[in-house]
Amino acid sequence: MWRYILKRLVMMIFVVLGVAIVIFSIMYFIPGNPAQIILGSNASEEAIQELYVSMGLDQPYLTQLGTFLSDTFLHFDLGTSYQSKIAVATEIAERFPRTLIIAACSLIVTTAVGIPLGIVAATHQGKWQDNVAMLISMLGLSLPGFWLALMLVNWLSVGLGIKAPIPEWGALLNEGKDYFTMYPHLLIFPGLAIGLLSLATCLMGDGLRDAMDPRLKK
C-alpha cells in the first residue's frame, strides 16, 4: 500500500512539472505584451519597455522557463500580483480557508446524497426507486453549471434578501472577500452548486450502483 502511495506521489511530481511547463509555454508563445497589458494602453513606450526588461521578458525562452521553475518549485516564490501588489502566496493563503469550506460543502453534499442514492438504486434494481435515482442523476447532469449557479444567486438575493456581489470581474475580486467575511455561512451556496454537479456525474450514484450490482461480480 505504501509503495503504491509513494509511486503515485512521484508521478504527481512529474505531472505538476509537466503541467507547469505546458502552461508557461502557452503563455510565452501567445501573442501580446504582458508589460503593456499591465500598464494599460495609455502607457508610454519607454515605461512599457522598462517594465518588459525588469520582468525578464527580454530573456530567451529557456532562460525564462528555468527562472520560473526555480522560483516556483525551489524557492516557492509565486511572484507578486500586478493588481493588488501583494505576494501571490499571501493572496492564496488568505483565500484558502474559504476554498476549503466550499470544497467541504461540496464533499458533504456529494456524499450525503450520492451514497444513499447509489444504495437505493443498487438494492432496487429495475424498480421505481432505481428509475427515480437515475432520473435525478441524469437531470443533474443535464443542468448547465452557470444556470444552477444563477438560480442559487437568485434564491440568495430574492429568497433570503441578501445582495450578492456585482457580477463584474473587479467587483468580484474586491467585494467577494468582504462579502463572504460578512456572511460566511453563504459559502454553502457555491459548495452546493459544485456538489450537485459532482453528484450529477454519477461518480457516487451510478458508480456505487454498479459496484453493488451482484450481476457484475460474477
# chains A, B, ... in the order shown; residues from 1 in each chain; ligands from 1
>>> residues_around(residues="range 30-47 of chain A", least_positions_apart="5", cutoff="9 Å", atoms="only C-alpha atoms", output="list in words")
Ser25, Tyr52, Met55, Leu57, Tyr82 and Gln83 of chain A
>>> write_last_selection(atoms="C-alpha atoms", output="compact mmCIF listing (two decimals), in the first residue's frame")
# COMPACT_ATOMS: atom_id res chain seq x y z
CA SER A 25 4.86 27.66 -22.83
CA TYR A 52 9.34 44.47 -20.01
CA MET A 55 10.26 41.38 -15.64
CA LEU A 57 10.67 39.12 -20.65
CA TYR A 82 0.22 43.16 -10.50
CA GLN A 83 -3.28 44.16 -9.50
>>> select_by_dssp(residues="range 78-126 of chain A", states="alpha helix (DSSP H)", output="MDAnalysis selection string")
chainID A and resid 88:123
>>> atom_distance(atom1="CA of Gly79 in chain A", atom2="CA of Glu91 in chain A")
10.7 Å
>>> residues_around(residues="Thr72 in chain A", least_positions_apart="2", cutoff="12 Å", atoms="only C-alpha atoms", output="list in words")
Val16, Leu17, Ala20, Ile21, Phe24, Leu65, Gly66, Thr67, Phe68, Leu69, Ser70, Leu74, His75, Phe76, Asp77, Leu78, Gly79, Val88 and Ala89 of chain A
>>> write_last_selection(atoms="C-alpha atoms", output="mmCIF file, in the first residue's frame")
data_model
loop_
_atom_site.group_PDB
_atom_site.id
_atom_site.type_symbol
_atom_site.label_atom_id
_atom_site.label_comp_id
_atom_site.auth_asym_id
_atom_site.auth_seq_id
_atom_site.Cartn_x
_atom_site.Cartn_y
_atom_site.Cartn_z
ATOM 1 C CA VAL A 16 2.765 19.013 -11.864
ATOM 2 C CA LEU A 17 6.062 19.815 -13.565
ATOM 3 C CA ALA A 20 3.632 23.943 -15.294
ATOM 4 C CA ILE A 21 5.849 23.728 -18.381
ATOM 5 C CA PHE A 24 4.231 28.534 -19.197
ATOM 6 C CA LEU A 65 11.380 28.821 -18.132
ATOM 7 C CA GLY A 66 14.303 27.957 -15.865
ATOM 8 C CA THR A 67 13.735 31.067 -13.759
ATOM 9 C CA PHE A 68 10.041 30.277 -13.481
ATOM 10 C CA LEU A 69 10.589 26.661 -12.415
ATOM 11 C CA SER A 70 13.341 27.636 -9.976
ATOM 12 C CA LEU A 74 12.749 25.571 -5.366
ATOM 13 C CA HIS A 75 12.162 28.931 -3.679
ATOM 14 C CA PHE A 76 8.322 28.708 -3.503
ATOM 15 C CA ASP A 77 8.145 32.267 -4.817
ATOM 16 C CA LEU A 78 4.933 32.688 -6.790
ATOM 17 C CA GLY A 79 5.617 36.327 -7.537
ATOM 18 C CA VAL A 88 0.565 35.706 -4.670
ATOM 19 C CA ALA A 89 1.309 33.232 -1.865
#
>>> atom_distance(atom1="CA of Tyr4 in chain A", atom2="CA of Ala112 in chain A")
28.9 Å
>>> residues_around(residues="range 94-107 of chain A", least_positions_apart="3", cutoff="7 Å", atoms="only C-alpha atoms", output="ChimeraX atom specification")
/A:90-91,110-111,187-188,190-192,194-195
>>> closest_residue(among="A:Ala87, A:Lys7, A:Asn131, A:Val109", to="Phe189 in chain A", atoms="only C-alpha atoms")
A:Val109
>>> atom_distance(atom1="CA of Gly140 in chain A", atom2="CA of Leu197 in chain A")
6.4 Å
>>> decode(residues="range 50-124 of chain A", atoms="C-alpha atoms", output="tab-separated table (two decimals), in the first residue's frame")
chain	number	residue	atom	x	y	z
A	50	GLU	CA	11.35	49.33	-18.83
A	51	LEU	CA	8.80	47.02	-17.23
A	52	TYR	CA	9.34	44.47	-20.01
A	53	VAL	CA	13.05	44.29	-19.21
A	54	SER	CA	12.58	44.38	-15.42
A	55	MET	CA	10.26	41.38	-15.64
A	56	GLY	CA	12.89	39.46	-17.60
A	57	LEU	CA	10.67	39.12	-20.65
A	58	ASP	CA	13.56	40.03	-22.92
A	59	GLN	CA	15.35	36.80	-21.98
A	60	PRO	CA	15.24	33.65	-24.16
A	61	TYR	CA	12.53	31.07	-23.66
A	62	LEU	CA	14.69	28.52	-21.84
A	63	THR	CA	16.09	31.19	-19.51
A	64	GLN	CA	12.61	32.39	-18.57
A	65	LEU	CA	11.38	28.82	-18.13
A	66	GLY	CA	14.30	27.96	-15.87
A	67	THR	CA	13.73	31.07	-13.76
A	68	PHE	CA	10.04	30.28	-13.48
A	69	LEU	CA	10.59	26.66	-12.42
A	70	SER	CA	13.34	27.64	-9.98
A	71	ASP	CA	11.33	30.40	-8.32
A	72	THR	CA	8.18	28.28	-8.13
A	73	PHE	CA	9.43	24.85	-7.07
A	74	LEU	CA	12.75	25.57	-5.37
A	75	HIS	CA	12.16	28.93	-3.68
A	76	PHE	CA	8.32	28.71	-3.50
A	77	ASP	CA	8.15	32.27	-4.82
A	78	LEU	CA	4.93	32.69	-6.79
A	79	GLY	CA	5.62	36.33	-7.54
A	80	THR	CA	3.57	39.44	-6.83
A	81	SER	CA	0.09	40.25	-8.07
A	82	TYR	CA	0.22	43.16	-10.50
A	83	GLN	CA	-3.28	44.16	-9.50
A	84	SER	CA	-3.14	44.13	-5.71
A	85	LYS	CA	0.68	44.49	-5.37
A	86	ILE	CA	0.56	41.68	-2.78
A	87	ALA	CA	2.50	38.43	-2.87
A	88	VAL	CA	0.56	35.71	-4.67
A	89	ALA	CA	1.31	33.23	-1.86
A	90	THR	CA	-0.26	35.64	0.62
A	91	GLU	CA	-3.32	36.05	-1.60
A	92	ILE	CA	-3.71	32.27	-1.87
A	93	ALA	CA	-3.28	31.76	1.88
A	94	GLU	CA	-5.90	34.41	2.58
A	95	ARG	CA	-8.47	32.77	0.31
A	96	PHE	CA	-7.63	29.15	1.06
A	97	PRO	CA	-9.91	28.81	4.13
A	98	ARG	CA	-12.94	29.86	2.06
A	99	THR	CA	-11.93	27.47	-0.72
A	100	LEU	CA	-11.61	24.69	1.86
A	101	ILE	CA	-15.11	25.39	3.18
A	102	ILE	CA	-16.54	25.32	-0.35
A	103	ALA	CA	-14.78	22.00	-1.06
A	104	ALA	CA	-16.04	20.57	2.25
A	105	CYS	CA	-19.61	21.62	1.47
A	106	SER	CA	-19.30	20.02	-1.96
A	107	LEU	CA	-17.98	16.79	-0.44
A	108	ILE	CA	-20.75	16.70	2.16
A	109	VAL	CA	-23.47	17.20	-0.47
A	110	THR	CA	-21.96	14.60	-2.80
A	111	THR	CA	-21.51	12.04	-0.03
A	112	ALA	CA	-24.76	12.65	1.87
A	113	VAL	CA	-26.87	12.42	-1.29
A	114	GLY	CA	-24.78	10.24	-3.59
A	115	ILE	CA	-24.17	7.28	-1.31
A	116	PRO	CA	-27.82	6.82	-0.24
A	117	LEU	CA	-28.88	7.36	-3.86
A	118	GLY	CA	-26.47	4.68	-5.06
A	119	ILE	CA	-27.53	2.23	-2.33
A	120	VAL	CA	-31.21	2.71	-3.11
A	121	ALA	CA	-30.59	2.24	-6.83
A	122	ALA	CA	-28.44	-0.85	-6.24
A	123	THR	CA	-30.88	-2.55	-3.86
A	124	HIS	CA	-33.90	-1.86	-6.06
